$ cat work.cif   # mmCIF, C-alpha atoms
data_entry
loop_
_atom_site.label_atom_id
_atom_site.label_comp_id
_atom_site.auth_asym_id
_atom_site.auth_seq_id
_atom_site.Cartn_x
_atom_site.Cartn_y
_atom_site.Cartn_z
CA MET D 20 49.54 -32.61 -134.51
CA GLU D 21 46.81 -34.24 -136.52
CA GLU D 22 47.38 -34.06 -140.28
CA GLY D 23 44.76 -33.66 -142.98
CA GLN D 24 43.87 -36.14 -145.70
CA GLY D 25 46.26 -34.67 -148.28
CA ILE D 26 49.26 -34.69 -145.95
CA LYS D 27 48.43 -38.23 -144.83
CA SER D 28 48.46 -39.35 -148.48
CA LEU D 29 51.79 -37.59 -148.97
CA LEU D 30 53.30 -39.31 -145.91
CA GLU D 31 52.02 -42.71 -147.06
CA THR D 32 53.48 -42.16 -150.53
CA LEU D 33 56.85 -41.12 -149.08
CA ASN D 34 56.77 -44.17 -146.83
CA ASP D 35 56.34 -46.44 -149.88
CA ILE D 36 59.38 -44.99 -151.70
CA PRO D 37 62.53 -47.08 -151.11
CA ASP D 38 65.33 -45.24 -149.25
CA HIS D 39 67.79 -45.32 -152.16
CA ILE D 40 65.45 -43.21 -154.33
CA PRO D 41 65.87 -39.49 -153.64
CA THR D 42 62.68 -37.52 -152.99
CA ILE D 43 62.39 -33.89 -154.11
CA ALA D 44 59.57 -31.70 -152.77
CA ASP D 45 58.49 -29.17 -155.38
CA TYR D 46 57.94 -26.85 -152.45
CA LYS D 47 58.48 -23.48 -154.21
CA ARG D 48 58.70 -21.66 -150.86
CA ALA D 49 60.80 -18.78 -149.49
CA ASP D 50 60.07 -16.61 -146.48
CA ILE D 51 61.60 -14.59 -143.62
CA GLU D 52 63.59 -16.41 -140.90
CA ASN D 53 60.87 -17.62 -138.52
CA CYS D 54 58.53 -18.83 -141.28
CA GLY D 55 61.39 -20.27 -143.35
CA ALA D 56 62.62 -22.25 -140.35
CA ALA D 57 59.16 -23.74 -139.89
CA TYR D 58 58.90 -24.63 -143.59
CA ALA D 59 62.35 -26.27 -143.47
CA ARG D 60 61.58 -28.37 -140.36
CA ARG D 61 58.34 -29.49 -141.95
CA VAL D 62 59.75 -30.58 -145.30
CA PHE D 63 63.06 -32.07 -144.07
CA ASP D 64 62.22 -33.42 -140.57
CA ARG D 65 58.49 -34.12 -140.61
CA PHE D 66 58.22 -35.31 -144.22
CA GLY D 67 61.85 -36.42 -144.60
CA PHE D 68 62.32 -35.13 -148.15
CA ASP D 69 65.86 -35.26 -149.53
CA ALA D 70 65.56 -31.98 -151.41
CA VAL D 71 63.29 -28.97 -152.00
CA THR D 72 62.69 -26.31 -154.61
CA LEU D 73 62.85 -22.68 -153.40
CA TYR D 74 62.41 -19.17 -154.79
CA HIS D 75 65.46 -16.87 -154.73
CA TYR D 76 63.80 -13.45 -154.64
CA MET D 77 63.71 -12.77 -150.89
CA GLY D 78 67.45 -13.45 -150.77
CA ASP D 79 69.77 -14.73 -148.06
CA GLU D 80 67.45 -15.67 -145.19
CA ALA D 81 65.00 -17.45 -147.49
CA ILE D 82 67.76 -19.87 -148.53
CA GLU D 83 69.64 -19.96 -145.19
CA ALA D 84 66.57 -21.36 -143.42
CA PHE D 85 67.15 -24.59 -145.38
CA GLN D 86 70.97 -24.52 -145.13
CA GLN D 87 71.32 -25.47 -141.47
CA PRO D 88 74.09 -27.94 -140.50
CA GLN D 89 71.64 -30.74 -139.61
CA TRP D 90 70.39 -30.68 -143.22
CA ALA D 91 73.79 -30.56 -144.94
CA ASP D 92 72.95 -33.92 -146.57
CA ARG D 93 69.79 -32.50 -148.18
CA GLY D 94 69.56 -30.63 -151.46
CA ILE D 95 68.14 -27.26 -152.49
CA PHE D 96 67.06 -26.41 -156.04
CA VAL D 97 66.48 -22.72 -156.71
CA LEU D 98 64.05 -21.84 -159.51
CA CYS D 99 66.08 -20.29 -162.32
CA ARG D 100 64.45 -20.74 -165.75
CA THR D 101 61.00 -22.23 -165.44
CA SER D 102 59.30 -24.36 -168.09
CA ASN D 103 56.06 -22.34 -168.49
CA ARG D 104 55.33 -20.22 -171.59
CA GLY D 105 55.04 -16.87 -169.73
CA SER D 106 58.24 -17.25 -167.76
CA ALA D 107 60.33 -14.93 -169.93
CA ARG D 108 58.51 -11.82 -168.73
CA PHE D 109 60.75 -11.63 -165.68
CA GLN D 110 63.38 -14.28 -166.33
CA HIS D 111 64.56 -12.46 -169.47
CA MET D 112 64.66 -9.00 -167.92
CA PRO D 113 67.90 -7.37 -169.07
CA THR D 114 70.25 -7.46 -166.08
CA VAL D 115 73.74 -6.05 -165.71
CA ASN D 116 76.28 -8.62 -164.54
CA PRO D 117 79.47 -7.77 -162.57
CA SER D 118 81.46 -7.50 -165.85
CA GLY D 119 79.04 -4.81 -166.99
CA LYS D 120 77.49 -7.05 -169.62
CA ILE D 121 73.72 -7.14 -170.08
CA VAL D 122 72.38 -10.67 -169.68
CA PRO D 123 68.91 -12.20 -169.19
CA GLN D 124 68.02 -12.20 -165.53
CA TYR D 125 67.97 -16.00 -165.09
CA LEU D 126 71.71 -16.10 -165.83
CA GLU D 127 72.40 -13.63 -163.02
CA VAL D 128 70.10 -15.55 -160.69
CA ALA D 129 72.10 -18.70 -161.54
CA ARG D 130 75.42 -16.94 -160.97
CA VAL D 131 74.48 -15.43 -157.61
CA VAL D 132 72.92 -18.64 -156.33
CA VAL D 133 75.91 -20.79 -157.32
CA ASP D 134 78.74 -18.33 -156.57
CA GLU D 135 77.38 -16.44 -153.55
CA LEU D 136 74.74 -18.49 -151.75
CA ASP D 137 75.85 -22.12 -152.00
CA ARG D 138 77.64 -22.28 -148.63
CA LEU D 139 77.24 -26.04 -148.15
CA GLY D 140 77.74 -27.15 -151.75
CA ASN D 141 74.22 -28.57 -151.97
CA ILE D 142 72.38 -26.04 -154.16
CA GLY D 143 71.25 -26.82 -157.68
CA LEU D 144 69.07 -24.98 -160.19
CA VAL D 145 65.65 -25.64 -161.73
CA MET D 146 65.95 -25.31 -165.52
CA GLY D 147 62.96 -26.07 -167.78
CA ALA D 148 63.40 -28.62 -170.57
CA THR D 149 61.29 -26.33 -172.76
CA PHE D 150 64.27 -23.99 -173.27
CA PRO D 151 67.15 -26.36 -174.18
CA GLU D 152 69.47 -23.61 -175.46
CA GLU D 153 69.24 -21.75 -172.17
CA LEU D 154 69.72 -25.00 -170.30
CA SER D 155 72.88 -25.54 -172.31
CA LEU D 156 74.13 -22.02 -171.49
CA VAL D 157 73.64 -22.54 -167.74
CA ARG D 158 75.44 -25.90 -167.96
CA GLN D 159 78.39 -24.21 -169.73
CA GLN D 160 78.60 -21.48 -167.09
CA HIS D 161 78.13 -23.88 -164.16
CA PRO D 162 79.76 -27.17 -165.13
CA ARG D 163 79.36 -28.80 -161.71
CA THR D 164 75.89 -27.60 -160.64
CA ILE D 165 73.12 -30.18 -160.41
CA LEU D 166 70.12 -29.27 -162.58
CA LEU D 167 66.52 -30.25 -161.89
CA ILE D 168 64.64 -30.33 -165.18
CA PRO D 169 60.85 -30.21 -165.42
CA GLY D 170 58.94 -29.61 -168.67
CA VAL D 171 59.32 -33.00 -170.33
CA GLY D 172 56.07 -34.87 -170.97
CA THR D 173 52.81 -32.89 -170.63
CA GLN D 174 54.63 -29.57 -171.04
CA GLY D 175 56.20 -30.70 -174.32
CA GLY D 176 59.95 -30.32 -173.77
CA SER D 177 62.17 -32.72 -175.75
CA LEU D 178 63.80 -35.25 -173.46
CA PRO D 179 66.82 -36.01 -175.70
CA ASP D 180 67.51 -32.28 -176.20
CA ALA D 181 67.26 -31.65 -172.45
CA VAL D 182 69.59 -34.53 -171.61
CA LYS D 183 72.19 -33.41 -174.15
CA ALA D 184 72.03 -29.81 -172.87
CA ALA D 185 72.07 -30.72 -169.17
CA ARG D 186 74.67 -33.49 -168.88
CA ASP D 187 77.94 -32.59 -167.25
CA GLY D 188 81.37 -33.78 -168.47
CA GLU D 189 80.67 -37.25 -167.10
CA GLY D 190 77.12 -37.55 -168.46
CA ARG D 191 75.65 -36.84 -165.04
CA GLY D 192 74.61 -33.84 -162.95
CA PHE D 193 70.88 -33.62 -163.66
CA PHE D 194 67.45 -34.93 -162.71
CA ILE D 195 64.66 -35.14 -165.28
CA SER D 196 61.36 -34.55 -163.49
CA VAL D 197 58.25 -36.11 -165.06
CA SER D 198 55.03 -35.97 -163.07
CA ARG D 199 51.74 -35.96 -164.97
CA SER D 200 52.88 -38.21 -167.83
CA ILE D 201 53.65 -40.90 -165.27
CA ILE D 202 50.86 -40.33 -162.71
CA TYR D 203 48.24 -40.15 -165.47
CA ALA D 204 49.86 -42.67 -167.81
CA LEU D 205 46.71 -44.79 -167.76
CA THR D 206 44.24 -41.92 -168.01
CA ASP D 207 43.64 -38.49 -166.59
CA ASP D 208 39.89 -39.06 -166.74
CA LYS D 209 39.02 -39.27 -163.05
CA SER D 210 35.85 -41.32 -163.55
CA ARG D 211 37.76 -43.87 -165.61
CA LEU D 212 40.64 -43.89 -163.11
CA GLU D 213 38.26 -44.96 -160.36
CA SER D 214 36.87 -47.84 -162.43
CA GLU D 215 40.29 -49.09 -163.52
CA SER D 216 42.06 -51.68 -161.42
CA TYR D 217 44.96 -50.75 -159.18
CA ARG D 218 47.09 -53.18 -161.17
CA ALA D 219 46.35 -51.47 -164.51
CA PHE D 220 47.11 -48.05 -163.00
CA THR D 221 50.45 -49.06 -161.50
CA LYS D 222 51.49 -51.00 -164.60
CA ALA D 223 50.84 -48.00 -166.86
CA ALA D 224 52.77 -45.67 -164.52
CA ARG D 225 55.65 -48.13 -164.21
CA ASP D 226 55.83 -48.63 -167.99
CA ALA D 227 55.85 -44.86 -168.55
CA ALA D 228 58.63 -44.36 -166.01
CA LYS D 229 60.69 -47.11 -167.66
CA ARG D 230 60.20 -45.54 -171.09
CA TYR D 231 61.52 -42.21 -169.79
CA ARG D 232 64.48 -43.95 -168.14
CA ASP D 233 65.29 -45.75 -171.38
CA GLN D 234 65.06 -42.51 -173.35
CA ILE D 235 67.45 -40.81 -170.90
CA ASN D 236 69.95 -43.64 -171.20
CA GLU D 237 69.63 -43.63 -174.98
CA ALA D 238 70.27 -39.88 -175.11
CA LEU D 239 73.38 -40.48 -172.97
CA GLY D 240 74.52 -43.28 -175.29
CA LEU D 241 74.26 -45.87 -172.52
CA SER D 242 73.18 -49.47 -173.00
CA PRO D 243 69.57 -50.32 -172.17
CA VAL D 244 68.90 -51.46 -168.57
CA ALA D 245 67.27 -54.84 -168.10
CA VAL D 246 65.03 -54.15 -165.09
CA MET Z 152 38.36 -33.81 -147.60
CA GLU Z 153 39.41 -33.99 -143.99
CA GLU Z 154 41.64 -31.09 -142.92
CA GLY Z 155 44.52 -31.23 -140.46
CA GLN Z 156 44.78 -29.45 -137.14
CA GLY Z 157 46.57 -26.37 -138.53
CA ILE Z 158 44.05 -25.82 -141.32
CA LYS Z 159 41.17 -26.33 -138.89
CA SER Z 160 42.62 -23.59 -136.66
CA LEU Z 161 42.99 -21.33 -139.69
CA LEU Z 162 39.36 -21.93 -140.73
CA GLU Z 163 38.13 -21.26 -137.18
CA THR Z 164 40.13 -18.03 -137.03
CA LEU Z 165 38.78 -16.88 -140.41
CA ASN Z 166 35.29 -17.73 -139.24
CA ASP Z 167 35.70 -15.45 -136.20
CA ILE Z 168 36.77 -12.43 -138.31
CA PRO Z 169 33.82 -10.12 -139.10
CA ASP Z 170 32.99 -9.85 -142.82
CA HIS Z 171 33.87 -6.14 -143.09
CA ILE Z 172 37.50 -6.82 -142.15
CA PRO Z 173 39.57 -7.87 -145.19
CA THR Z 174 41.68 -11.01 -144.81
CA ILE Z 175 45.01 -11.33 -146.61
CA ALA Z 176 46.72 -14.72 -146.88
CA ASP Z 177 50.49 -14.32 -146.85
CA TYR Z 178 50.52 -17.22 -149.28
CA LYS Z 179 53.78 -16.45 -151.14
CA ARG Z 180 52.93 -18.97 -153.87
CA ALA Z 181 53.36 -19.10 -157.66
CA ASP Z 182 53.28 -22.15 -159.91
CA ILE Z 183 52.39 -23.47 -163.39
CA GLU Z 184 48.74 -23.48 -164.50
CA ASN Z 185 47.37 -26.68 -163.01
CA CYS Z 186 49.05 -26.21 -159.62
CA GLY Z 187 48.33 -22.46 -159.55
CA ALA Z 188 44.64 -23.14 -160.22
CA ALA Z 189 44.52 -25.55 -157.26
CA TYR Z 190 46.27 -23.02 -155.00
CA ALA Z 191 43.83 -20.29 -156.08
CA ARG Z 192 40.72 -22.41 -155.47
CA ARG Z 193 42.04 -23.38 -152.06
CA VAL Z 194 42.84 -19.86 -150.83
CA PHE Z 195 39.87 -18.03 -152.38
CA ASP Z 196 37.06 -20.63 -152.39
CA ARG Z 197 37.90 -23.08 -149.62
CA PHE Z 198 39.39 -20.55 -147.16
CA GLY Z 199 37.56 -17.49 -148.49
CA PHE Z 200 40.49 -15.08 -148.20
CA ASP Z 201 40.01 -11.64 -149.72
CA ALA Z 202 43.58 -11.36 -150.96
CA VAL Z 203 46.86 -13.27 -151.33
CA THR Z 204 50.56 -12.57 -151.68
CA LEU Z 205 52.31 -14.12 -154.70
CA TYR Z 206 55.79 -14.33 -156.23
CA HIS Z 207 56.29 -12.77 -159.68
CA TYR Z 208 59.24 -14.81 -160.98
CA MET Z 209 57.41 -17.54 -162.92
CA GLY Z 210 55.54 -14.84 -164.84
CA ASP Z 211 52.15 -14.72 -166.51
CA GLU Z 212 50.54 -18.07 -165.62
CA ALA Z 213 51.56 -17.81 -161.98
CA ILE Z 214 49.53 -14.60 -161.63
CA GLU Z 215 46.75 -15.51 -164.10
CA ALA Z 216 45.75 -18.52 -161.99
CA PHE Z 217 44.50 -16.03 -159.37
CA GLN Z 218 43.03 -13.54 -161.89
CA GLN Z 219 39.99 -15.53 -162.97
CA PRO Z 220 36.68 -13.64 -163.42
CA GLN Z 221 35.03 -15.29 -160.40
CA TRP Z 222 37.73 -13.76 -158.19
CA ALA Z 223 37.68 -10.24 -159.65
CA ASP Z 224 36.65 -8.96 -156.21
CA ARG Z 225 39.73 -10.44 -154.56
CA GLY Z 226 43.16 -8.83 -154.31
CA ILE Z 227 46.67 -9.94 -155.26
CA PHE Z 228 49.83 -8.52 -153.71
CA VAL Z 229 53.04 -9.34 -155.55
CA LEU Z 230 56.26 -9.38 -153.51
CA CYS Z 231 58.34 -6.44 -154.64
CA ARG Z 232 60.73 -5.17 -151.93
CA THR Z 233 60.72 -7.46 -148.93
CA SER Z 234 61.45 -6.38 -145.37
CA ASN Z 235 64.27 -8.84 -144.55
CA ARG Z 236 67.92 -7.79 -144.25
CA GLY Z 237 69.24 -10.04 -147.07
CA SER Z 238 66.62 -9.01 -149.60
CA ALA Z 239 68.86 -6.63 -151.57
CA ARG Z 240 70.95 -9.46 -153.03
CA PHE Z 241 68.40 -9.97 -155.79
CA GLN Z 242 66.01 -7.07 -155.35
CA HIS Z 243 68.81 -4.55 -156.02
CA MET Z 244 70.26 -6.34 -159.04
CA PRO Z 245 70.97 -3.68 -161.67
CA THR Z 246 68.23 -4.01 -164.27
CA VAL Z 247 67.75 -2.13 -167.55
CA ASN Z 248 64.32 -0.54 -167.86
CA PRO Z 249 62.58 0.19 -171.20
CA SER Z 250 64.07 3.72 -171.26
CA GLY Z 251 67.54 2.15 -171.11
CA LYS Z 252 68.14 3.36 -167.56
CA ILE Z 253 69.69 1.04 -165.00
CA VAL Z 254 67.44 0.66 -161.95
CA PRO Z 255 67.29 -1.73 -159.00
CA GLN Z 256 65.33 -4.83 -159.95
CA TYR Z 257 62.43 -4.27 -157.56
CA LEU Z 258 61.48 -1.11 -159.50
CA GLU Z 259 61.24 -3.08 -162.72
CA VAL Z 260 59.26 -5.81 -160.98
CA ALA Z 261 56.86 -3.11 -159.74
CA ARG Z 262 56.57 -1.57 -163.21
CA VAL Z 263 55.90 -4.82 -165.04
CA VAL Z 264 53.40 -6.03 -162.44
CA VAL Z 265 51.44 -2.77 -162.43
CA ASP Z 266 51.70 -1.85 -166.13
CA GLU Z 267 51.65 -5.27 -167.81
CA LEU Z 268 50.02 -7.86 -165.55
CA ASP Z 269 47.24 -6.07 -163.68
CA ARG Z 270 44.41 -7.03 -166.07
CA LEU Z 271 41.62 -6.74 -163.49
CA GLY Z 272 42.88 -3.71 -161.58
CA ASN Z 273 43.28 -5.70 -158.37
CA ILE Z 274 47.05 -6.13 -158.02
CA GLY Z 275 49.08 -4.36 -155.35
CA LEU Z 276 52.68 -4.66 -154.21
CA VAL Z 277 54.38 -5.87 -151.03
CA MET Z 278 56.85 -3.19 -149.88
CA GLY Z 279 58.75 -3.60 -146.61
CA ALA Z 280 58.55 -0.82 -144.00
CA THR Z 281 62.26 -1.37 -143.35
CA PHE Z 282 63.16 0.52 -146.55
CA PRO Z 283 61.04 3.70 -146.37
CA GLU Z 284 62.94 5.55 -149.12
CA GLU Z 285 62.31 2.75 -151.58
CA LEU Z 286 58.69 2.57 -150.46
CA SER Z 287 58.42 6.28 -151.22
CA LEU Z 288 59.95 5.78 -154.68
CA VAL Z 289 57.45 3.05 -155.57
CA ARG Z 290 54.59 5.25 -154.33
CA GLN Z 291 55.82 8.10 -156.57
CA GLN Z 292 56.03 5.84 -159.62
CA HIS Z 293 52.70 4.10 -158.92
CA PRO Z 294 50.41 6.69 -157.32
CA ARG Z 295 47.29 4.49 -157.37
CA THR Z 296 48.71 1.07 -156.49
CA ILE Z 297 47.75 -0.45 -153.14
CA LEU Z 298 50.76 -1.30 -151.01
CA LEU Z 299 50.93 -4.06 -148.41
CA ILE Z 300 53.57 -3.17 -145.84
CA PRO Z 301 55.15 -5.70 -143.49
CA GLY Z 302 58.24 -5.02 -141.39
CA VAL Z 303 56.76 -2.80 -138.67
CA GLY Z 304 56.98 -4.22 -135.13
CA THR Z 305 59.30 -7.21 -134.59
CA GLN Z 306 61.26 -6.45 -137.77
CA GLY Z 307 61.94 -2.88 -136.63
CA GLY Z 308 60.54 -0.69 -139.43
CA SER Z 309 59.31 2.77 -138.37
CA LEU Z 310 55.54 2.97 -138.62
CA PRO Z 311 55.32 6.78 -139.07
CA ASP Z 312 58.00 6.72 -141.78
CA ALA Z 313 56.22 3.87 -143.58
CA VAL Z 314 52.85 5.64 -143.44
CA LYS Z 315 54.29 8.89 -144.76
CA ALA Z 316 56.06 7.08 -147.60
CA ALA Z 317 53.14 4.83 -148.53
CA ARG Z 318 50.09 7.12 -148.39
CA ASP Z 319 48.55 8.11 -151.68
CA GLY Z 320 47.26 11.62 -152.49
CA GLU Z 321 44.22 11.03 -150.29
CA GLY Z 322 46.09 9.52 -147.34
CA ARG Z 323 45.01 6.03 -148.33
CA GLY Z 324 46.19 3.18 -150.55
CA PHE Z 325 48.10 0.97 -148.12
CA PHE Z 326 47.83 -1.77 -145.50
CA ILE Z 327 50.25 -1.94 -142.58
CA SER Z 328 50.71 -5.60 -141.67
CA VAL Z 329 51.70 -6.36 -138.06
CA SER Z 330 51.69 -9.98 -136.98
CA ARG Z 331 54.03 -11.03 -134.19
CA SER Z 332 53.81 -7.77 -132.20
CA ILE Z 333 50.06 -8.32 -131.92
CA ILE Z 334 49.86 -12.12 -131.62
CA TYR Z 335 52.62 -12.14 -128.99
CA ALA Z 336 51.72 -8.83 -127.34
CA LEU Z 337 51.29 -10.58 -124.00
CA THR Z 338 54.34 -12.83 -124.31
CA ASP Z 339 56.06 -15.05 -126.81
CA ASP Z 340 57.07 -17.41 -124.01
CA LYS Z 341 54.97 -20.45 -124.86
CA SER Z 342 54.95 -21.84 -121.31
CA ARG Z 343 53.76 -18.51 -119.97
CA LEU Z 344 51.16 -18.17 -122.75
CA GLU Z 345 49.57 -21.44 -121.67
CA SER Z 346 49.31 -20.32 -118.05
CA GLU Z 347 47.88 -16.90 -118.89
CA SER Z 348 44.15 -16.47 -119.11
CA TYR Z 349 42.38 -16.16 -122.44
CA ARG Z 350 41.19 -12.72 -121.30
CA ALA Z 351 44.71 -11.43 -120.61
CA PHE Z 352 45.91 -12.71 -123.99
CA THR Z 353 43.10 -11.12 -126.00
CA LYS Z 354 43.30 -7.85 -124.06
CA ALA Z 355 47.05 -7.52 -124.76
CA ALA Z 356 46.55 -8.29 -128.47
CA ARG Z 357 43.64 -5.89 -128.73
CA ASP Z 358 45.55 -3.10 -126.96
CA ALA Z 359 48.54 -3.61 -129.25
CA ALA Z 360 46.33 -3.49 -132.37
CA LYS Z 361 44.71 -0.27 -131.13
CA ARG Z 362 48.11 1.31 -130.47
CA TYR Z 363 49.18 0.56 -134.05
CA ARG Z 364 45.89 1.95 -135.39
CA ASP Z 365 46.34 5.13 -133.36
CA GLN Z 366 49.91 5.51 -134.58
CA ILE Z 367 48.75 5.14 -138.20
CA ASN Z 368 46.06 7.78 -137.73
CA GLU Z 369 48.52 10.08 -135.98
CA ALA Z 370 51.01 9.74 -138.85
CA LEU Z 371 48.16 10.62 -141.25
CA GLY Z 372 47.22 13.66 -139.13
CA LEU Z 373 43.78 12.21 -138.34
CA SER Z 374 41.92 12.62 -135.04
CA PRO Z 375 42.09 9.71 -132.58
CA VAL Z 376 39.30 7.12 -132.89
CA ALA Z 377 37.24 6.44 -129.77
CA VAL Z 378 36.69 2.66 -130.07
#

$ encode --input "work.cif" --output "structure tokens"
Amino acid sequence: MEEGQGIKSLLETLNDIPDHIPTIADYKRADIENCGAAYARRVFDRFGFDAVTLYHYMGDEAIEAFQQPQWADRGIFVLCRTSNRGSARFQHMPTVNPSGKIVPQYLEVARVVVDELDRLGNIGLVMGATFPEELSLVRQQHPRTILLIPGVGTQGGSLPDAVKAARDGEGRGFFISVSRSIIYALTDDKSRLESESYRAFTKAARDAAKRYRDQINEALGLSPVAV
Amino acid sequence: MEEGQGIKSLLETLNDIPDHIPTIADYKRADIENCGAAYARRVFDRFGFDAVTLYHYMGDEAIEAFQQPQWADRGIFVLCRTSNRGSARFQHMPTVNPSGKIVPQYLEVARVVVDELDRLGNIGLVMGATFPEELSLVRQQHPRTILLIPGVGTQGGSLPDAVKAARDGEGRGFFISVSRSIIYALTDDKSRLESESYRAFTKAARDAAKRYRDQINEALGLSPVAV
């Protein structure tokens, strides 16, 4: 099937990423069986992503579509506490947990996803860096779950606070996701972007990515990396 | 921008639909501002859909992206109680409403969407036909909200029960969505589809659509329509 311009650019970008670097599609999908199966084939087989983000709300089938045996080596991140300012309207809805305690809804979403839906041991949670105390609470309740953390950079979350809240007992167990602050490190002015050289663009993006990496390592108390 | 084969087929199909027939994209999206704005432009301006389905979970910005003044004549349907068998896992989570009563989560989602987020008066709810009692409950609590109802046909929901539960005081206020039972009315065997004539395919789809229309009118106690 012939792909459009956008998908071609995506495939070219994926093709340029070395195999040892995991790729996560911020897919934010979830649908009934037949549609979910098509979405899963597309993102895992056609595009070859290592992981996806999904919504929980439709329940079992929406997740199961991505949990097939042939994709047991892929990862799923379910949106739990998102980084945007209006996210509390639903994510903080008072919800009764199995102990009869009233908790904000995102904590029950986290519990059900981790305890009831993670059949293959490959489901993590999306937790915004903009709410480090809630990030810390989810880490305490789910010490071994991998967390995908957007909200650093353009959205204003503190990277050191997020790292400290998200790290597991071994200083691991999380991904910090930074998009716009790296892609637009040179400029987000489209007219200027087009006049700038490819070299200046890639250097600015690379330098930004290295700065974030160094900040993560510093927050973890690790020595700086040379490369 | 050059579109792929799938999008071209979608645009051709939309182009063939007469203007007086509303088109609803089962988009099931929701994202932060910049991504949501791109999704909204694509579905409303590029494709020209009259309405979309969206997820509620990310909250305000995810809906606001589609609520801009230039799209005040479009519709938004937020997923509330979906038709799939595993949907109760989250949609029935015990949730505390503002009166302190514990209700299944989908009722609180419905309340917040209708009472707090519907700034332009163009938001409806997706309610599966497979749960007619819950459909009826949402109709009672939201007498003027438009309901989009999947789950009839392949998914096994009863059309008369859904119509009786969903109708407002004037016998209106809902859309019954039937996809696979119309598209595959002739056959869902792909090899057979290719050997069948275009005429046989369209006749079977048209006959199926008319049968559903007649069943809807019958459930509403209306006289049969001639065309």

$ resolve_selection --input "work.cif" --expression "the PyMOL selection byres ((chain D) within 9 of (chain Z))" --output "PyMOL selection string"
chain D and resi 20-26+47-52+74-81+98-110+112-116+121+124+127-128+131

$ residues_around --input "work.cif" --residues "Ala359 of chain Z" --least-positions-apart "3" --cutoff "12 Å" --atoms "all atoms listed in the file" --output "PDB file with C-alpha atoms, in the coordinates of the input"
ATOM      1  CA  GLY Z 304      56.980  -4.220-135.130  1.00  0.00           C
ATOM      2  CA  VAL Z 329      51.700  -6.360-138.060  1.00  0.00           C
ATOM      3  CA  SER Z 330      51.690  -9.980-136.980  1.00  0.00           C
ATOM      4  CA  ARG Z 331      54.030 -11.030-134.190  1.00  0.00           C
ATOM      5  CA  SER Z 332      53.810  -7.770-132.200  1.00  0.00           C
ATOM      6  CA  ILE Z 333      50.060  -8.320-131.920  1.00  0.00           C
ATOM      7  CA  ILE Z 334      49.860 -12.120-131.620  1.00  0.00           C
ATOM      8  CA  TYR Z 335      52.620 -12.140-128.990  1.00  0.00           C
ATOM      9  CA  ALA Z 336      51.720  -8.830-127.340  1.00  0.00           C
ATOM     10  CA  LEU Z 337      51.290 -10.580-124.000  1.00  0.00           C
ATOM     11  CA  THR Z 338      54.340 -12.830-124.310  1.00  0.00           C
ATOM     12  CA  PHE Z 352      45.910 -12.710-123.990  1.00  0.00           C
ATOM     13  CA  THR Z 353      43.100 -11.120-126.000  1.00  0.00           C
ATOM     14  CA  LYS Z 354      43.300  -7.850-124.060  1.00  0.00           C
ATOM     15  CA  ALA Z 355      47.050  -7.520-124.760  1.00  0.00           C
ATOM     16  CA  ALA Z 356      46.550  -8.290-128.470  1.00  0.00           C
ATOM     17  CA  ARG Z 362      48.110   1.310-130.470  1.00  0.00           C
ATOM     18  CA  TYR Z 363      49.180   0.560-134.050  1.00  0.00           C
ATOM     19  CA  ARG Z 364      45.890   1.950-135.390  1.00  0.00           C
ATOM     20  CA  ASP Z 365      46.340   5.130-133.360  1.00  0.00           C
ATOM     21  CA  GLN Z 366      49.910   5.510-134.580  1.00  0.00           C
TER      22      GLN Z 366
END

$ atom_distance --input "work.cif" --atom1 "atom CA of Pro294 of chain Z" --atom2 "atom CA of Leu205 of chain Z"
21.1 Å

$ atom_distance --input "work.cif" --atom1 "atom CA of Val203 of chain Z" --atom2 "atom CA of Arg318 of chain Z"
20.9 Å

$ closest_residue --input "work.cif" --among "D:Arg158, D:Met146, D:Arg225, D:Pro37" --to "Val171 of chain D" --atoms "only C-alpha atoms"
D:Met146

$ atom_distance --input "work.cif" --atom1 "atom CA of Val145 of chain D" --atom2 "atom CA of Val97 of chain D"
5.9 Å

$ residues_around --input "work.cif" --residues "Ala59 of chain D" --least-positions-apart "6" --cutoff "10 Å" --atoms "only C-alpha atoms" --output "count of residues only"
12

$ resolve_selection --input "work.cif" --expression "the PyMOL selection byres ((chain Z and resi 367) around 12)" --output "PyMOL selection string"
chain Z and resi 303+309-315+317-318+322-323+325-329+360-366+368-376

$ residues_around --input "work.cif" --residues "Leu33 of chain D" --least-positions-apart "3" --cutoff "10 Å" --atoms "all atoms listed in the file" --output "ChimeraX atom specification"
/D:27-30,36-38,42,66-68
